[in-house]
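Take a look at the structure below.
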Amino acid sequence: MSSEAVISGAQAFSEQLTGIRRHLHRHPELSNEEHETTAYLTSLLEQAGIKVIDYGLETGVVAEIGGHHGGPVVALRADIDALPIQEETGLPYASIYPGNMHACGHDFHTAALVGTALLLKRQENRLKGTVRLLFQPAEEKASGARQLIASGALQDVRAIFGMHNKPDLPVGTIGITAGPLMAAADGFVVEVTGSGSHAAVPEAGIDPIVAAAHIVTALQTIVSRNVSALHSAVISVTKLHSGTSWNIIPETAVLDGTVRTFDEAVRAEVLKRFGQVATGVAAALGAKASVRWIEGPPPVINDAALAGLAEETAAALGFIAVKPVLSPAGEDFAAYQRVVPGLFVFMGVDGPREWHHPAFDLDERALPVSADFFTDLVIRYLERWSAGEDTGE
């Protein structure tokens with residue numbers, strides 16, 4: 001089965017895909033609230049004769065194509081949730097829901113996966129396996145992938161593919177790499193407890209603000225002195241709350257922030273040293289510190305064989321594959337990669353703004369590019385598997 005025959009229809013319904021994306025953009029729903037989106041996608045898929053499977057999800061859709069000739073199950077994933085951001089694009093299809101916006105391009109991901117589904121449906125009787133479509137909720141809360149895994153939606157899956165739009169890459173360019181691509185994104189809350197006092201007599205108490213300030217500074221030594229120069233990590237304290245009045249030394253100070261790492265061993269070491277530094281510095285100043293971790297998604301680590309297959313696919317279709325700059329942003333696609341081999345790519349969309357900006361937008365000509373790419377990619381995977389060739393770990 002030639003790739004050209006498989007993907008030749010993508011441009012033919014690019015207008016339809018644009019319409020789907022704009023409908024989703026006008027109707028953004030926050031994480032775990034994607035009820036209208038779920039109903040809309042279910043209707044689109046069923047109208048196309050694509051089998052929707054009930055996994056007991058409150059939001060999100062799982063569907064399947066193929067399976068008529070045996071073979072493995074391969075999954076494609078798109079995220080469907082929006083962000084609590086007031087849109088400032090001025091587009092005629094801007095969000096109709098005040099305070100909600102598809103400012104991360106999940107509407108693009110979803111529409112592109114619908115396009116892939118339509119192309120695969122046309123080739124269903126020739127597929128040498130099953131393609132499972134995962135329209136995942138709650139990526140922005142880093143919980144949706146775990147929900148789908150718990151539901152059983154990843155059962156029997158041998159490999160999974162996904163993407164994120166990349167505004168700084170032009171349309172037709174795809175960022176593909178083996179190994180790390182996106183960071184683990186953990187959060188923390190540090191509560192520093194001292195002893196309150198009048199501000200004029202600090203010696204009568206233990207100042208948690210001074211202890212917190214020293215902790216903020218000391219935490220940066222973890223990156224500079226405990227992480228190899230060959231690796232990378234980021235520790236950012238983004239909030240510091242304490243006190244109620246200008247003349248009162250408070251009892252407590254609270255620090256919030258995030259840790260970003262690209263390697264699980266580095267991640268474990270940074271989190272260990274973080275606790276030691278926070279509690280040790282506080283103790284040295286007579287205070288106490290407790291650390292609460294908010295576990296985020298692990299790092300996105302791409303399978304080398306799948307990355308090679310993706311590069312081959314991009315070249316065959318006339319797209320440009322580039323080695324992307326690693327992103328310190330988090331992505332819960334990584335949860336799937338802990339279960340099965342996976343590949344996550346950056347799809348060029350030539351956008352004017354970065355993710356999560358209220359004026360975020362993208363070039364919709366990337367929709368058929370994405371549909372073509374993922375259609376050909378999964379077909380190549382299934383054909384390689386059928387031929388007994390290496391398709392991943």
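By order of appearance in the structure tokens: chains A, B, ..., then residues from 1 within every chain, and ligands from 1 in the order shown.
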Subject >> Neighbour list for Glu87 in chain A as a list in words, cut-off 9 Å, only C-alpha atoms, skip fewer than 5 positions in-chain >> reply: Ala94, Ser95, Pro98, Gly99, Asn100, Met101, His102, Ala103, His357, Pro358, Ala359 and Phe360 of chain A
Print the selection's residues with C-alpha atoms to a file, as a PDB file, in the first residue's frame.
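Done, and the output landed in out_3.pdb:
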ATOM      1  CA  ALA A  94     -13.147  33.820  18.974  1.00  0.00           C
ATOM      2  CA  SER A  95     -14.393  32.155  22.143  1.00  0.00           C
ATOM      3  CA  PRO A  98     -15.922  34.722  28.659  1.00  0.00           C
ATOM      4  CA  GLY A  99     -12.731  33.757  30.456  1.00  0.00           C
ATOM      5  CA  ASN A 100     -12.223  30.518  28.502  1.00  0.00           C
ATOM      6  CA  MET A 101      -9.918  30.148  25.507  1.00  0.00           C
ATOM      7  CA  HIS A 102      -8.092  27.567  23.438  1.00  0.00           C
ATOM      8  CA  ALA A 103      -4.831  29.396  24.093  1.00  0.00           C
ATOM      9  CA  HIS A 357      -1.004  33.961  25.456  1.00  0.00           C
ATOM     10  CA  PRO A 358      -4.454  35.626  25.161  1.00  0.00           C
ATOM     11  CA  ALA A 359      -3.688  36.449  21.510  1.00  0.00           C
ATOM     12  CA  PHE A 360      -2.480  32.932  20.631  1.00  0.00           C
TER      13      PHE A 360
END
**OP:** Would you mind listing what lies within 7 Å of range 362-379 of chain A as a PyMOL selection string, with only C-alpha atoms counted and same-chain residues fewer than 6 positions away left out?
**Re:** chain A and resi 3+6-7+10-11+14+17-18+112-113+115-116+119-120+127+167+171-172+310+313-314+349-351
Subject >> Minimum-distance residue to Ala199 in chain A, chosen among A:Gly243, A:Gly19, A:Gly129, A:Gly275 (using only C-alpha atoms) >> reply: A:Gly243
**OP:** One decimal, Å: what's the distance from CA of Leu134 in chain A over to CA of Pro72 in chain A, could you say?
**Re:**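 CA of Pro72 in chain A lies 16.1 Å from CA of Leu134 in chain A.
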**OP:** Would you please give, as a PyMOL selection string, all residues of range 129-202 of chain A that DSSP assigns to strand (DSSP E or B) based on the backbone?
**Re:** chain A and resi 130-136+157-166+173-175+179-182+184-193+195+197-198
Requested write-out: N, CA and C atoms of the selected residues, as a compact mmCIF listing (two decimals), in the first residue's frame:
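This is the output file part.txt:
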# COMPACT_ATOMS: atom_id res chain seq x y z
N THR A 130 -5.11 -2.18 14.24
CA THR A 130 -6.17 -1.30 14.75
C THR A 130 -5.56 0.02 15.18
N VAL A 131 -6.23 1.11 14.84
CA VAL A 131 -5.82 2.44 15.29
C VAL A 131 -6.84 2.91 16.32
N ARG A 132 -6.36 3.17 17.52
CA ARG A 132 -7.23 3.67 18.59
C ARG A 132 -7.02 5.17 18.74
N LEU A 133 -8.09 5.90 18.70
CA LEU A 133 -8.06 7.36 18.78
C LEU A 133 -8.42 7.80 20.19
N LEU A 134 -7.54 8.55 20.82
CA LEU A 134 -7.77 9.02 22.18
C LEU A 134 -7.93 10.54 22.17
N PHE A 135 -9.16 11.00 22.37
CA PHE A 135 -9.43 12.42 22.51
C PHE A 135 -9.49 12.69 24.02
N GLN A 136 -8.38 13.13 24.56
CA GLN A 136 -8.15 13.14 26.01
C GLN A 136 -8.56 14.44 26.68
N VAL A 157 -2.40 -1.66 23.54
CA VAL A 157 -1.72 -0.71 22.67
C VAL A 157 -0.22 -1.01 22.67
N ARG A 158 0.39 -1.07 21.48
CA ARG A 158 1.82 -1.36 21.36
C ARG A 158 2.67 -0.11 21.17
N ALA A 159 2.06 0.99 20.73
CA ALA A 159 2.78 2.24 20.55
C ALA A 159 1.76 3.38 20.50
N ILE A 160 2.21 4.57 20.87
CA ILE A 160 1.30 5.71 20.88
C ILE A 160 2.02 6.92 20.30
N PHE A 161 1.27 7.73 19.54
CA PHE A 161 1.81 8.92 18.89
C PHE A 161 0.97 10.14 19.28
N GLY A 162 1.62 11.28 19.39
CA GLY A 162 0.92 12.53 19.68
C GLY A 162 1.74 13.71 19.23
N MET A 163 1.18 14.89 19.39
CA MET A 163 1.90 16.10 18.97
C MET A 163 1.47 17.28 19.80
N HIS A 164 2.29 18.32 19.72
CA HIS A 164 1.90 19.65 20.18
C HIS A 164 2.26 20.64 19.09
N ASN A 165 1.38 21.57 18.84
CA ASN A 165 1.70 22.63 17.88
C ASN A 165 2.91 23.42 18.39
N LYS A 166 3.67 23.99 17.46
CA LYS A 166 4.84 24.80 17.82
C LYS A 166 4.82 26.08 17.02
N THR A 173 7.03 22.00 8.76
CA THR A 173 8.21 21.59 9.52
C THR A 173 7.75 20.85 10.77
N ILE A 174 8.39 19.72 11.07
CA ILE A 174 8.01 18.90 12.22
C ILE A 174 9.24 18.65 13.08
N GLY A 175 9.12 18.95 14.37
CA GLY A 175 10.21 18.71 15.30
C GLY A 175 10.17 17.27 15.79
N GLY A 179 14.63 10.44 22.57
CA GLY A 179 15.02 10.86 23.91
C GLY A 179 14.16 12.00 24.42
N PRO A 180 14.71 12.83 25.33
CA PRO A 180 13.91 13.88 25.97
C PRO A 180 13.41 14.92 24.98
N LEU A 181 12.18 15.38 25.19
CA LEU A 181 11.61 16.47 24.40
C LEU A 181 11.01 17.55 25.29
N MET A 182 10.24 17.12 26.32
CA MET A 182 9.61 18.07 27.23
C MET A 182 9.89 17.63 28.67
N ALA A 184 9.67 17.09 32.91
CA ALA A 184 8.81 16.80 34.05
C ALA A 184 8.44 18.13 34.69
N ALA A 185 7.21 18.25 35.14
CA ALA A 185 6.73 19.53 35.67
C ALA A 185 6.10 19.32 37.04
N ASP A 186 6.94 19.40 38.06
CA ASP A 186 6.47 19.20 39.43
C ASP A 186 6.27 20.54 40.12
N GLY A 187 5.31 20.58 41.02
CA GLY A 187 5.06 21.78 41.80
C GLY A 187 5.40 21.55 43.26
N PHE A 188 5.59 22.63 44.00
CA PHE A 188 5.88 22.50 45.42
C PHE A 188 5.23 23.62 46.23
N VAL A 189 4.97 23.29 47.48
CA VAL A 189 4.52 24.27 48.47
C VAL A 189 5.39 24.07 49.70
N VAL A 190 6.10 25.10 50.11
CA VAL A 190 6.94 25.04 51.29
C VAL A 190 6.35 25.96 52.35
N GLU A 191 6.02 25.41 53.50
CA GLU A 191 5.52 26.22 54.61
C GLU A 191 6.62 26.36 55.66
N VAL A 192 7.02 27.59 55.91
CA VAL A 192 8.06 27.90 56.88
C VAL A 192 7.38 28.43 58.14
N THR A 193 7.64 27.80 59.26
CA THR A 193 7.02 28.17 60.52
C THR A 193 8.06 28.74 61.47
N SER A 195 8.15 32.07 64.75
CA SER A 195 7.44 32.50 65.96
C SER A 195 7.17 33.98 65.84
N SER A 197 6.18 37.94 66.42
CA SER A 197 6.71 38.94 67.34
C SER A 197 6.37 40.33 66.82
N HIS A 198 6.59 41.32 67.67
CA HIS A 198 6.51 42.70 67.20
C HIS A 198 7.69 42.96 66.28
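Nearest residue to Ala265 in chain A among A:Gly49, A:Pro298, A:Gly66, A:Gly342 is A:Pro298, counting only C-alpha atoms.
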Original post:
Residues at most 10 Å from range 138-155 of chain A, counting only C-alpha atoms, excluding those fewer than 5 positions away in the same chain, as a ChimeraX atom specification?
Top reply: /A:29-34,53-63,73-75,77-83,104,106,132-133,160,185,295-298,330-336,339-340
Original post:
Which residue gives the smallest distance to Asp256 in chain A among A:Ala200, A:Leu285, A:Val237, A:Leu382, with only C-alpha atoms counted?
Top reply: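 The answer is A:Val237, which sits nearest to Asp256 in chain A.
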